[in-house]
file work.cif (mmCIF, C-alpha atoms)
data_data
loop_
_atom_site.label_atom_id
_atom_site.label_comp_id
_atom_site.auth_asym_id
_atom_site.auth_seq_id
_atom_site.Cartn_x
_atom_site.Cartn_y
_atom_site.Cartn_z
CA MET A 1303 -4.56 -10.39 83.61
CA HIS A 1304 -3.84 -13.58 81.69
CA ILE A 1305 -0.84 -15.85 81.67
CA TYR A 1306 -0.29 -18.68 79.21
CA CYS A 1307 1.11 -22.04 80.36
CA LEU A 1308 2.29 -24.49 77.73
CA ASP A 1309 3.44 -28.07 77.84
CA LEU A 1310 6.60 -28.42 75.74
CA GLU A 1311 6.77 -31.76 73.96
CA GLY A 1312 3.87 -32.40 71.62
CA ILE A 1313 2.97 -28.70 71.75
CA LEU A 1314 6.14 -26.90 70.61
CA LEU A 1315 8.71 -29.68 70.19
CA PRO A 1316 8.51 -33.28 69.10
CA GLU A 1317 8.79 -35.85 71.92
CA MET A 1318 12.50 -35.72 72.74
CA TRP A 1319 12.72 -39.30 73.96
CA ILE A 1320 11.34 -40.50 70.64
CA GLU A 1321 14.04 -38.50 68.84
CA VAL A 1322 16.62 -40.17 71.10
CA ALA A 1323 15.05 -43.59 70.51
CA GLU A 1324 15.26 -43.12 66.76
CA ARG A 1325 18.81 -41.82 66.76
CA PHE A 1326 20.07 -44.77 68.82
CA LYS A 1327 17.67 -47.23 67.18
CA LEU A 1328 16.21 -48.27 70.55
CA LYS A 1329 12.51 -49.07 70.29
CA SER A 1330 12.35 -49.50 74.05
CA LEU A 1331 12.94 -45.74 74.49
CA ARG A 1332 9.86 -44.81 72.49
CA LEU A 1333 7.48 -45.04 75.42
CA THR A 1334 6.24 -41.67 76.78
CA THR A 1335 3.78 -40.50 79.43
CA ARG A 1336 1.14 -41.17 76.82
CA ASP A 1337 2.02 -44.86 77.31
CA ILE A 1338 3.11 -45.02 80.97
CA PRO A 1339 1.31 -42.35 83.00
CA ASP A 1340 3.49 -43.05 86.09
CA TYR A 1341 6.37 -40.70 85.37
CA ASP A 1342 8.82 -42.08 87.92
CA LYS A 1343 8.32 -45.61 86.64
CA LEU A 1344 8.87 -44.40 83.09
CA MET A 1345 12.05 -42.50 84.02
CA ARG A 1346 13.61 -45.41 85.91
CA TYR A 1347 12.92 -47.60 82.91
CA ARG A 1348 14.54 -45.07 80.54
CA LEU A 1349 17.62 -44.50 82.70
CA GLY A 1350 18.11 -48.27 82.99
CA ILE A 1351 18.16 -48.58 79.21
CA LEU A 1352 20.61 -45.69 78.79
CA ARG A 1353 23.05 -47.22 81.27
CA ARG A 1354 22.77 -50.66 79.67
CA GLU A 1355 23.40 -49.13 76.25
CA LYS A 1356 26.25 -46.96 77.58
CA ILE A 1357 24.61 -43.70 76.46
CA LYS A 1358 25.80 -40.65 78.42
CA LEU A 1359 24.08 -37.26 78.96
CA VAL A 1360 26.36 -35.62 76.41
CA GLY A 1361 25.26 -38.16 73.80
CA ILE A 1362 21.61 -37.34 74.39
CA GLN A 1363 22.31 -33.60 74.30
CA GLY A 1364 23.98 -34.08 70.94
CA VAL A 1365 20.75 -35.59 69.57
CA ILE A 1366 18.48 -32.99 71.16
CA ARG A 1367 20.56 -30.09 69.88
CA ARG A 1368 19.48 -31.07 66.36
CA VAL A 1369 15.78 -31.34 67.21
CA LYS A 1370 13.65 -28.76 65.40
CA PRO A 1371 10.54 -27.17 66.90
CA LEU A 1372 7.28 -28.43 65.37
CA PRO A 1373 6.40 -26.57 62.15
CA GLY A 1374 4.89 -23.20 63.10
CA ALA A 1375 5.71 -23.56 66.81
CA ALA A 1376 8.35 -20.82 66.99
CA ALA A 1377 6.12 -18.31 65.20
CA PHE A 1378 3.15 -19.23 67.39
CA LEU A 1379 5.13 -18.76 70.60
CA LYS A 1380 6.63 -15.52 69.35
CA ARG A 1381 3.20 -14.08 68.71
CA LEU A 1382 1.80 -15.39 71.98
CA ARG A 1383 4.56 -13.70 73.96
CA ILE A 1384 3.41 -10.35 72.57
CA GLU A 1385 -0.08 -11.04 73.91
CA GLY A 1386 1.04 -11.73 77.46
CA PRO A 1387 3.42 -13.64 79.72
CA ALA A 1388 3.95 -17.27 78.68
CA ILE A 1389 5.60 -20.02 80.70
CA ILE A 1390 6.54 -23.51 79.54
CA LEU A 1391 5.57 -26.11 82.16
CA SER A 1392 7.31 -29.36 81.35
CA ASP A 1393 8.33 -32.62 83.00
CA THR A 1394 11.55 -32.60 81.01
CA PHE A 1395 14.97 -31.55 82.37
CA TYR A 1396 16.90 -28.33 81.91
CA GLU A 1397 19.90 -30.40 80.78
CA PHE A 1398 17.83 -31.83 77.91
CA ALA A 1399 15.77 -28.83 76.95
CA MET A 1400 18.22 -25.93 77.01
CA PRO A 1401 20.15 -26.96 73.87
CA VAL A 1402 16.96 -26.58 71.84
CA MET A 1403 15.46 -23.55 73.63
CA LYS A 1404 17.52 -21.12 71.53
CA GLN A 1405 15.26 -21.96 68.59
CA LEU A 1406 12.28 -20.73 70.63
CA ASP A 1407 14.07 -17.50 71.76
CA TYR A 1408 14.58 -18.80 75.31
CA PRO A 1409 11.08 -18.77 76.73
CA THR A 1410 10.70 -19.12 80.51
CA LEU A 1411 10.79 -22.83 81.29
CA PHE A 1412 9.79 -24.49 84.56
CA CYS A 1413 10.99 -28.10 84.59
CA ASN A 1414 13.26 -30.53 86.45
CA SER A 1415 16.95 -31.36 86.61
CA LEU A 1416 19.17 -34.39 86.11
CA LYS A 1417 21.91 -35.90 88.22
CA THR A 1418 24.97 -37.32 86.51
CA ASP A 1419 27.74 -39.51 87.88
CA LYS A 1420 31.45 -38.91 87.45
CA ALA A 1421 31.54 -40.89 84.22
CA GLY A 1422 28.80 -38.68 82.71
CA PHE A 1423 25.96 -41.19 82.91
CA ILE A 1424 22.58 -39.95 84.09
CA SER A 1425 22.30 -41.35 87.61
CA GLY A 1426 18.94 -39.92 88.59
CA TYR A 1427 16.77 -36.85 88.50
CA THR A 1428 15.39 -34.18 90.79
CA LEU A 1429 11.74 -33.26 90.41
CA ARG A 1430 11.25 -29.65 91.41
CA GLN A 1431 8.10 -30.93 93.08
CA LYS A 1432 5.49 -33.64 92.57
CA ASP A 1433 2.57 -32.70 90.28
CA GLY A 1434 4.62 -29.63 89.38
CA LYS A 1435 2.56 -28.44 86.43
CA ARG A 1436 -0.65 -28.21 88.43
CA LYS A 1437 1.11 -26.57 91.36
CA ALA A 1438 2.70 -23.99 89.07
CA VAL A 1439 -0.77 -23.11 87.74
CA LYS A 1440 -2.11 -22.77 91.29
CA ALA A 1441 0.86 -20.59 92.28
CA LEU A 1442 0.29 -18.29 89.29
CA GLN A 1443 -3.40 -18.03 90.13
CA SER A 1444 -2.48 -17.20 93.73
CA ILE A 1445 -0.63 -14.09 92.53
CA GLY A 1446 -3.57 -12.78 90.54
CA PHE A 1447 -3.25 -14.34 87.09
CA GLU A 1448 -5.98 -16.00 85.08
CA VAL A 1449 -4.26 -19.07 83.65
CA ARG A 1450 -4.81 -20.42 80.15
CA ALA A 1451 -3.00 -23.71 79.63
CA VAL A 1452 -2.39 -26.21 76.84
CA GLY A 1453 -1.20 -29.80 76.91
CA ASP A 1454 -1.58 -33.09 75.09
CA SER A 1455 -0.86 -35.88 77.51
CA TYR A 1456 -1.73 -37.66 80.76
CA ASN A 1457 0.77 -35.61 82.70
CA ASP A 1458 -0.98 -32.41 81.58
CA LEU A 1459 -4.49 -33.25 82.74
CA SER A 1460 -4.19 -31.96 86.31
CA MET A 1461 -2.67 -28.72 84.96
CA LEU A 1462 -5.45 -28.31 82.38
CA LYS A 1463 -8.14 -28.91 84.96
CA ALA A 1464 -6.60 -26.48 87.46
CA ALA A 1465 -6.28 -23.75 84.80
CA ASP A 1466 -9.02 -21.19 84.27
CA ARG A 1467 -9.06 -22.41 80.67
CA GLY A 1468 -7.44 -25.71 79.69
CA VAL A 1469 -6.98 -26.69 76.04
CA LEU A 1470 -6.01 -30.06 74.57
CA PHE A 1471 -3.66 -29.94 71.59
CA ASN A 1472 -3.51 -32.93 69.25
CA PRO A 1473 -4.46 -35.34 72.04
CA PRO A 1474 -4.43 -39.11 71.58
CA GLU A 1475 -7.85 -40.73 71.28
CA SER A 1476 -7.64 -42.19 74.78
CA ILE A 1477 -7.35 -38.76 76.41
CA LEU A 1478 -9.91 -37.18 74.13
CA LYS A 1479 -12.51 -39.79 75.05
CA THR A 1480 -12.23 -39.31 78.78
CA ASN A 1481 -11.92 -35.50 78.76
CA ARG A 1482 -14.78 -34.31 76.60
CA SER A 1483 -15.20 -31.09 78.59
CA LEU A 1484 -11.85 -29.63 77.46
CA PRO A 1485 -11.74 -27.65 74.19
CA VAL A 1486 -9.44 -29.15 71.55
CA ALA A 1487 -7.11 -27.56 69.00
CA TYR A 1488 -5.36 -29.38 66.16
CA ASP A 1489 -3.37 -26.43 64.89
CA TYR A 1490 -1.79 -23.22 66.23
CA LYS A 1491 -4.39 -20.96 64.66
CA LYS A 1492 -7.16 -22.63 66.64
CA LEU A 1493 -5.01 -22.77 69.77
CA MET A 1494 -4.33 -19.02 69.53
CA LYS A 1495 -8.03 -18.37 69.07
CA LEU A 1496 -8.91 -20.45 72.15
CA PHE A 1497 -6.16 -18.76 74.18
CA LEU A 1498 -7.11 -15.20 73.23
CA ALA A 1499 -10.91 -15.46 73.30
CA ASP A 1500 -12.49 -13.44 76.12
CA MET B 24 16.85 -25.09 90.79
CA HIS B 25 17.26 -21.33 90.48
CA ILE B 26 15.03 -18.69 89.01
CA TYR B 27 16.03 -15.08 88.40
CA CYS B 28 13.65 -12.22 89.21
CA LEU B 29 14.47 -8.78 87.89
CA ASP B 30 13.01 -5.37 88.42
CA LEU B 31 12.62 -3.64 85.05
CA GLU B 32 13.23 0.10 85.29
CA GLY B 33 16.67 1.01 86.55
CA ILE B 34 17.84 -2.56 85.90
CA LEU B 35 17.13 -3.14 82.19
CA LEU B 36 15.35 0.03 81.05
CA PRO B 37 15.60 3.67 82.04
CA GLU B 38 12.77 4.96 84.23
CA MET B 39 9.91 5.25 81.76
CA TRP B 40 8.14 8.07 83.59
CA ILE B 41 11.30 10.15 83.40
CA GLU B 42 11.41 9.55 79.65
CA VAL B 43 7.79 10.69 79.45
CA ALA B 44 8.53 13.71 81.66
CA GLU B 45 11.38 14.76 79.40
CA ARG B 46 9.47 14.27 76.19
CA PHE B 47 6.55 16.38 77.40
CA LYS B 48 8.79 18.77 79.36
CA LEU B 49 6.89 18.15 82.59
CA LYS B 50 9.19 18.25 85.60
CA SER B 51 6.31 17.17 87.82
CA LEU B 52 6.34 13.71 86.16
CA ARG B 53 9.95 13.06 87.15
CA LEU B 54 9.08 11.68 90.58
CA THR B 55 9.45 7.87 90.95
CA THR B 56 9.14 5.35 93.76
CA ARG B 57 12.62 6.44 94.70
CA ASP B 58 10.98 9.75 95.68
CA ILE B 59 7.46 8.71 96.78
CA PRO B 60 7.54 5.17 98.19
CA ASP B 61 3.69 5.02 98.34
CA TYR B 62 2.95 3.74 94.86
CA ASP B 63 -0.76 4.49 94.80
CA LYS B 64 -0.15 8.07 95.89
CA LEU B 65 2.48 8.44 93.18
CA MET B 66 0.20 6.99 90.49
CA ARG B 67 -2.79 9.20 91.37
CA TYR B 68 -0.46 12.18 91.20
CA ARG B 69 0.84 11.12 87.77
CA LEU B 70 -2.57 10.36 86.29
CA GLY B 71 -3.83 13.76 87.50
CA ILE B 72 -1.02 15.49 85.64
CA LEU B 73 -1.63 13.52 82.43
CA ARG B 74 -5.30 14.42 82.42
CA ARG B 75 -4.57 18.08 83.13
CA GLU B 76 -2.02 18.15 80.30
CA LYS B 77 -4.38 16.24 77.96
CA ILE B 78 -1.89 13.40 77.39
CA LYS B 79 -3.52 10.12 76.32
CA LEU B 80 -2.24 6.53 76.63
CA VAL B 81 -1.34 6.46 72.94
CA GLY B 82 0.86 9.52 73.42
CA ILE B 83 2.79 7.85 76.22
CA GLN B 84 3.15 4.64 74.20
CA GLY B 85 4.62 6.68 71.38
CA VAL B 86 7.33 7.94 73.75
CA ILE B 87 8.01 4.55 75.32
CA ARG B 88 8.28 2.83 71.95
CA ARG B 89 11.44 4.84 71.35
CA VAL B 90 13.01 4.03 74.74
CA LYS B 91 16.22 2.00 74.44
CA PRO B 92 17.25 -0.62 77.02
CA LEU B 93 20.16 0.47 79.21
CA PRO B 94 23.54 -0.15 77.52
CA GLY B 95 24.40 -3.85 77.89
CA ALA B 96 20.98 -4.78 79.30
CA ALA B 97 19.75 -6.80 76.31
CA ALA B 98 22.98 -8.83 76.14
CA PHE B 99 22.92 -9.42 79.91
CA LEU B 100 19.35 -10.69 79.85
CA LYS B 101 20.00 -12.84 76.81
CA ARG B 102 22.87 -14.56 78.59
CA LEU B 103 20.96 -14.90 81.85
CA ARG B 104 18.08 -16.65 80.07
CA ILE B 105 20.50 -19.37 78.97
CA GLU B 106 21.45 -19.95 82.60
CA GLY B 107 17.91 -20.45 83.84
CA PRO B 108 14.36 -19.11 83.90
CA ALA B 109 14.13 -15.35 84.34
CA ILE B 110 11.04 -13.31 85.16
CA ILE B 111 10.67 -9.54 85.17
CA LEU B 112 8.76 -8.37 88.24
CA SER B 113 7.69 -4.79 87.74
CA ASP B 114 5.18 -2.27 89.05
CA THR B 115 4.73 -0.90 85.52
CA PHE B 116 1.81 -1.71 83.20
CA TYR B 117 1.61 -4.08 80.25
CA GLU B 118 0.24 -1.19 78.16
CA PHE B 119 3.43 0.81 78.82
CA ALA B 120 6.02 -1.96 78.78
CA MET B 121 5.04 -4.11 75.81
CA PRO B 122 6.07 -1.60 73.10
CA VAL B 123 9.65 -1.79 74.38
CA MET B 124 9.79 -5.51 75.30
CA LYS B 125 10.62 -6.50 71.72
CA GLN B 126 14.08 -5.06 72.25
CA LEU B 127 14.56 -7.52 75.11
CA ASP B 128 13.23 -10.52 73.09
CA TYR B 129 9.94 -10.62 75.01
CA PRO B 130 10.99 -11.86 78.42
CA THR B 131 8.25 -13.06 80.78
CA LEU B 132 6.87 -9.99 82.53
CA PHE B 133 4.65 -9.93 85.62
CA CYS B 134 3.20 -6.45 86.08
CA ASN B 135 -0.09 -4.51 86.21
CA SER B 136 -2.62 -3.11 83.78
CA LEU B 137 -4.17 0.23 82.98
CA LYS B 138 -7.75 1.33 82.52
CA THR B 139 -8.59 3.87 79.84
CA ASP B 140 -11.74 5.83 79.25
CA LYS B 141 -13.57 6.20 75.93
CA ALA B 142 -11.51 9.23 74.96
CA GLY B 143 -8.25 7.27 75.46
CA PHE B 144 -7.17 8.93 78.70
CA ILE B 145 -5.78 6.70 81.44
CA SER B 146 -8.58 6.57 83.98
CA GLY B 147 -7.02 4.26 86.53
CA TYR B 148 -5.03 1.09 86.98
CA THR B 149 -5.43 -2.46 88.20
CA LEU B 150 -2.75 -3.86 90.47
CA ARG B 151 -2.48 -7.61 89.98
CA GLN B 152 -2.11 -7.69 93.74
CA LYS B 153 -0.67 -5.55 96.55
CA ASP B 154 3.05 -6.09 97.24
CA GLY B 155 3.09 -8.13 94.03
CA LYS B 156 6.85 -8.47 93.65
CA ARG B 157 7.33 -10.06 97.06
CA LYS B 158 4.31 -12.32 96.58
CA ALA B 159 5.61 -13.49 93.19
CA VAL B 160 8.91 -14.43 94.84
CA LYS B 161 7.07 -16.36 97.56
CA ALA B 162 4.92 -18.13 94.95
CA LEU B 163 8.00 -19.18 92.97
CA GLN B 164 9.65 -20.45 96.16
CA SER B 165 6.49 -22.39 96.98
CA ILE B 166 6.88 -24.40 93.75
CA GLY B 167 10.47 -25.39 94.48
CA PHE B 168 12.60 -22.59 93.07
CA GLU B 169 15.50 -20.86 94.78
CA VAL B 170 14.96 -17.20 93.88
CA ARG B 171 17.72 -14.75 93.04
CA ALA B 172 16.39 -11.23 92.63
CA VAL B 173 17.68 -7.81 91.68
CA GLY B 174 16.21 -4.35 92.18
CA ASP B 175 17.20 -0.75 92.79
CA SER B 176 14.36 0.99 94.55
CA TYR B 177 12.05 1.18 97.56
CA ASN B 178 9.42 -0.92 95.85
CA ASP B 179 11.97 -3.72 95.40
CA LEU B 180 13.05 -4.09 99.01
CA SER B 181 10.37 -6.55 100.12
CA MET B 182 11.12 -8.68 97.03
CA LEU B 183 14.87 -8.60 97.67
CA LYS B 184 14.41 -9.56 101.31
CA ALA B 185 12.02 -12.41 100.47
CA ALA B 186 14.40 -13.80 97.83
CA ASP B 187 16.99 -16.45 98.68
CA ARG B 188 19.52 -13.98 97.32
CA GLY B 189 18.66 -10.30 96.84
CA VAL B 190 21.00 -7.95 94.97
CA LEU B 191 20.88 -4.15 94.76
CA PHE B 192 21.76 -2.66 91.38
CA ASN B 193 22.88 0.97 91.22
CA PRO B 194 20.86 1.88 94.32
CA PRO B 195 20.47 5.48 95.48
CA GLU B 196 22.48 6.38 98.57
CA SER B 197 19.37 6.40 100.79
CA ILE B 198 18.60 2.74 100.06
CA LEU B 199 22.22 1.68 100.27
CA LYS B 200 22.58 3.19 103.73
CA THR B 201 19.65 1.39 105.25
CA ASN B 202 20.22 -1.98 103.52
CA ARG B 203 23.85 -2.80 104.19
CA SER B 204 23.19 -6.54 104.29
CA LEU B 205 22.30 -6.78 100.57
CA PRO B 206 25.12 -7.31 98.06
CA VAL B 207 25.46 -4.50 95.51
CA ALA B 208 26.32 -4.49 91.80
CA TYR B 209 27.08 -1.42 89.71
CA ASP B 210 27.42 -3.22 86.39
CA TYR B 211 26.05 -6.33 84.65
CA LYS B 212 29.28 -8.28 84.97
CA LYS B 213 29.12 -8.06 88.75
CA LEU B 214 25.37 -8.72 88.76
CA MET B 215 25.88 -11.87 86.67
CA LYS B 216 28.60 -13.02 89.05
CA LEU B 217 26.37 -12.48 92.08
CA PHE B 218 23.47 -14.24 90.38
CA LEU B 219 25.45 -17.28 89.24
CA ALA B 220 27.67 -17.82 92.30
CA ASP B 221 26.85 -21.02 94.20
#
call {"tool": "encode", "arguments": {"input": "work.cif", "output": "structure tokens"}}
result
Amino acid sequence: MHIYCLDLEGILLPEMWIEVAERFKLKSLRLTTRDIPDYDKLMRYRLGILRREKIKLVGIQGVIRRVKPLPGAAAFLKRLRIEGPAIILSDTFYEFAMPVMKQLDYPTLFCNSLKTDKAGFISGYTLRQKDGKRKAVKALQSIGFEVRAVGDSYNDLSMLKAADRGVLFNPPESILKTNRSLPVAYDYKKLMKLFLAD
Amino acid sequence: MHIYCLDLEGILLPEMWIEVAERFKLKSLRLTTRDIPDYDKLMRYRLGILRREKIKLVGIQGVIRRVKPLPGAAAFLKRLRIEGPAIILSDTFYEFAMPVMKQLDYPTLFCNSLKTDKAGFISGYTLRQKDGKRKAVKALQSIGFEVRAVGDSYNDLSMLKAADRGVLFNPPESILKTNRSLPVAYDYKKLMKLFLAD
């Protein structure tokens, strides 16, 4: 029995921090895990900028609510969910992602959560666990599933390598170069084919 | 972070084997895990009847395709999926359940699969694992989730007891009597309240 695990940003949605960066015209918020692989370092950096710029959680949610899934993403996920169980494994936060999940028919999402202070500023975050994507794959394998996973970024590599089949989707050149053993898809048709092949 | 685990039949759908029993007018197919707690024994009994009556998988799927979720179930699940990740943990089979999952917007379903022979008769089944509901709860806890689970039958008890919060939904008297420590809901409003309470 198969289960499909999907990274969220870059696979089904655009990078949400880039959307936020553009909306608030803050180039400094454009960095992602593609640029800074150390997620905690990246998050501290982002939260520092938000506080300095006086941007609250509600302001970010307002931007994210208007984010559209990548073209074809909703239809791809809809079809995949007929083929078998699918779970989104993401390093994002429920507080960010939920406003846009409606457009994907509320798939099952495993991610993290934010802390806010009384004034509504993001004061920190709670990781469900360290290396959560890989551990979710291992947990699903431990209950009898064969895991097929897709991701595009540094923070997906341990998940893709733990999966029974890991697929790169639109990866940057730097990741492609150092992970030649992983199959690559540049569109949903190819991704579906790689996911469903025996 | 919470995750919601739901039994399928009796919680969101009517008992599918009872629907099949009624459609084919076979009283002998009306038994469920409420009646025979040993699932393998129950399944061998059912598959024997199907073969004797010359009922193929496609015939059963035709019946199940017309099954309607319990009144209010689709709206309940839709709302719950906004609150957090929800996974259906069921002892049914993908081949049975998928034709009716559309009506529930394809929630994530962990269940089992059927084997068929060349003629299209169900020849056996593959359990993803033994005691799969409880093990799924433990696996989700192991990756940092607090699990809130609901079920109605014998085959749910180990899942409900493993969960951080286990709720009985419309249980038969026999289960109620011997499981006084579990909170009970008789409608979705109460179930939602029990699921979402701190």
call {"tool": "residues_around", "arguments": {"input": "work.cif", "residues": "region 113-115 of chain B", "least_positions_apart": "4", "cutoff": "6 Å", "atoms": "all atoms listed in the file", "output": "list in words"}}
result
Asp30, Leu31 and Cys134 of chain B
call {"tool": "resolve_selection", "arguments": {"input": "work.cif", "expression": "the PyMOL selection byres ((chain A) within 8 of (chain B))", "output": "JSON, numbers by chain"}}
result
{"A": [1303, 1383, 1384, 1386, 1387, 1388, 1389, 1400, 1407, 1408, 1409, 1410, 1411, 1412, 1414, 1415, 1430, 1431, 1434, 1437, 1438, 1441, 1442, 1444, 1445, 1446, 1447]}
call {"tool": "write_last_selection", "arguments": {"input": "work.cif", "atoms": "C-alpha atoms", "output": "mmCIF file, keeping the file's coordinate frame"}}
result
data_model
loop_
_atom_site.group_PDB
_atom_site.id
_atom_site.type_symbol
_atom_site.label_atom_id
_atom_site.label_comp_id
_atom_site.auth_asym_id
_atom_site.auth_seq_id
_atom_site.Cartn_x
_atom_site.Cartn_y
_atom_site.Cartn_z
ATOM 1 C CA MET A 1303 -4.560 -10.390 83.610
ATOM 2 C CA ARG A 1383 4.560 -13.700 73.960
ATOM 3 C CA ILE A 1384 3.410 -10.350 72.570
ATOM 4 C CA GLY A 1386 1.040 -11.730 77.460
ATOM 5 C CA PRO A 1387 3.420 -13.640 79.720
ATOM 6 C CA ALA A 1388 3.950 -17.270 78.680
ATOM 7 C CA ILE A 1389 5.600 -20.020 80.700
ATOM 8 C CA MET A 1400 18.220 -25.930 77.010
ATOM 9 C CA ASP A 1407 14.070 -17.500 71.760
ATOM 10 C CA TYR A 1408 14.580 -18.800 75.310
ATOM 11 C CA PRO A 1409 11.080 -18.770 76.730
ATOM 12 C CA THR A 1410 10.700 -19.120 80.510
ATOM 13 C CA LEU A 1411 10.790 -22.830 81.290
ATOM 14 C CA PHE A 1412 9.790 -24.490 84.560
ATOM 15 C CA ASN A 1414 13.260 -30.530 86.450
ATOM 16 C CA SER A 1415 16.950 -31.360 86.610
ATOM 17 C CA ARG A 1430 11.250 -29.650 91.410
ATOM 18 C CA GLN A 1431 8.100 -30.930 93.080
ATOM 19 C CA GLY A 1434 4.620 -29.630 89.380
ATOM 20 C CA LYS A 1437 1.110 -26.570 91.360
ATOM 21 C CA ALA A 1438 2.700 -23.990 89.070
ATOM 22 C CA ALA A 1441 0.860 -20.590 92.280
ATOM 23 C CA LEU A 1442 0.290 -18.290 89.290
ATOM 24 C CA SER A 1444 -2.480 -17.200 93.730
ATOM 25 C CA ILE A 1445 -0.630 -14.090 92.530
ATOM 26 C CA GLY A 1446 -3.570 -12.780 90.540
ATOM 27 C CA PHE A 1447 -3.250 -14.340 87.090
#
call {"tool": "resolve_selection", "arguments": {"input": "work.cif", "expression": "the PyMOL selection byres ((chain B and resi 183) around 10)", "output": "mmCIF file with C-alpha atoms, in the coordinates of the input"}}
result
data_model
loop_
_atom_site.group_PDB
_atom_site.id
_atom_site.type_symbol
_atom_site.label_atom_id
_atom_site.label_comp_id
_atom_site.auth_asym_id
_atom_site.auth_seq_id
_atom_site.Cartn_x
_atom_site.Cartn_y
_atom_site.Cartn_z
ATOM 1 C CA CYS B 28 13.650 -12.220 89.210
ATOM 2 C CA LEU B 29 14.470 -8.780 87.890
ATOM 3 C CA ASP B 30 13.010 -5.370 88.420
ATOM 4 C CA LYS B 156 6.850 -8.470 93.650
ATOM 5 C CA ARG B 157 7.330 -10.060 97.060
ATOM 6 C CA VAL B 160 8.910 -14.430 94.840
ATOM 7 C CA VAL B 170 14.960 -17.200 93.880
ATOM 8 C CA ARG B 171 17.720 -14.750 93.040
ATOM 9 C CA ALA B 172 16.390 -11.230 92.630
ATOM 10 C CA VAL B 173 17.680 -7.810 91.680
ATOM 11 C CA GLY B 174 16.210 -4.350 92.180
ATOM 12 C CA ASP B 175 17.200 -0.750 92.790
ATOM 13 C CA ASN B 178 9.420 -0.920 95.850
ATOM 14 C CA ASP B 179 11.970 -3.720 95.400
ATOM 15 C CA LEU B 180 13.050 -4.090 99.010
ATOM 16 C CA SER B 181 10.370 -6.550 100.120
ATOM 17 C CA MET B 182 11.120 -8.680 97.030
ATOM 18 C CA LYS B 184 14.410 -9.560 101.310
ATOM 19 C CA ALA B 185 12.020 -12.410 100.470
ATOM 20 C CA ALA B 186 14.400 -13.800 97.830
ATOM 21 C CA ASP B 187 16.990 -16.450 98.680
ATOM 22 C CA ARG B 188 19.520 -13.980 97.320
ATOM 23 C CA GLY B 189 18.660 -10.300 96.840
ATOM 24 C CA VAL B 190 21.000 -7.950 94.970
ATOM 25 C CA LEU B 191 20.880 -4.150 94.760
ATOM 26 C CA LEU B 205 22.300 -6.780 100.570
#
call {"tool": "residues_around", "arguments": {"input": "work.cif", "residues": "Pro60 (chain B)", "least_positions_apart": "3", "cutoff": "8 Å", "atoms": "all atoms listed in the file", "output": "NGL selection string"}}
result
:B and (55-57 or 65 or 177-178)
call {"tool": "write_last_selection", "arguments": {"input": "work.cif", "atoms": "C-alpha atoms", "output": "short mmCIF file (atom, residue, chain, number, x, y, z; two decimals), in the coordinates of the input"}}
result
data_model
loop_
_atom_site.label_atom_id
_atom_site.label_comp_id
_atom_site.auth_asym_id
_atom_site.auth_seq_id
_atom_site.Cartn_x
_atom_site.Cartn_y
_atom_site.Cartn_z
CA THR B 55 9.45 7.87 90.95
CA THR B 56 9.14 5.35 93.76
CA ARG B 57 12.62 6.44 94.70
CA LEU B 65 2.48 8.44 93.18
CA TYR B 177 12.05 1.18 97.56
CA ASN B 178 9.42 -0.92 95.85
#
call {"tool": "residues_around", "arguments": {"input": "work.cif", "residues": "Leu70 (chain B)", "least_positions_apart": "2", "cutoff": "8 Å", "atoms": "all atoms listed in the file", "output": "PyMOL selection string"}}
result
chain B and resi 66-68+72-74+145-147
call {"tool": "atom_distance", "arguments": {"input": "work.cif", "atom1": "CA of Phe47 (chain B)", "atom2": "CA of Phe192 (chain B)"}}
result
28.1 Å
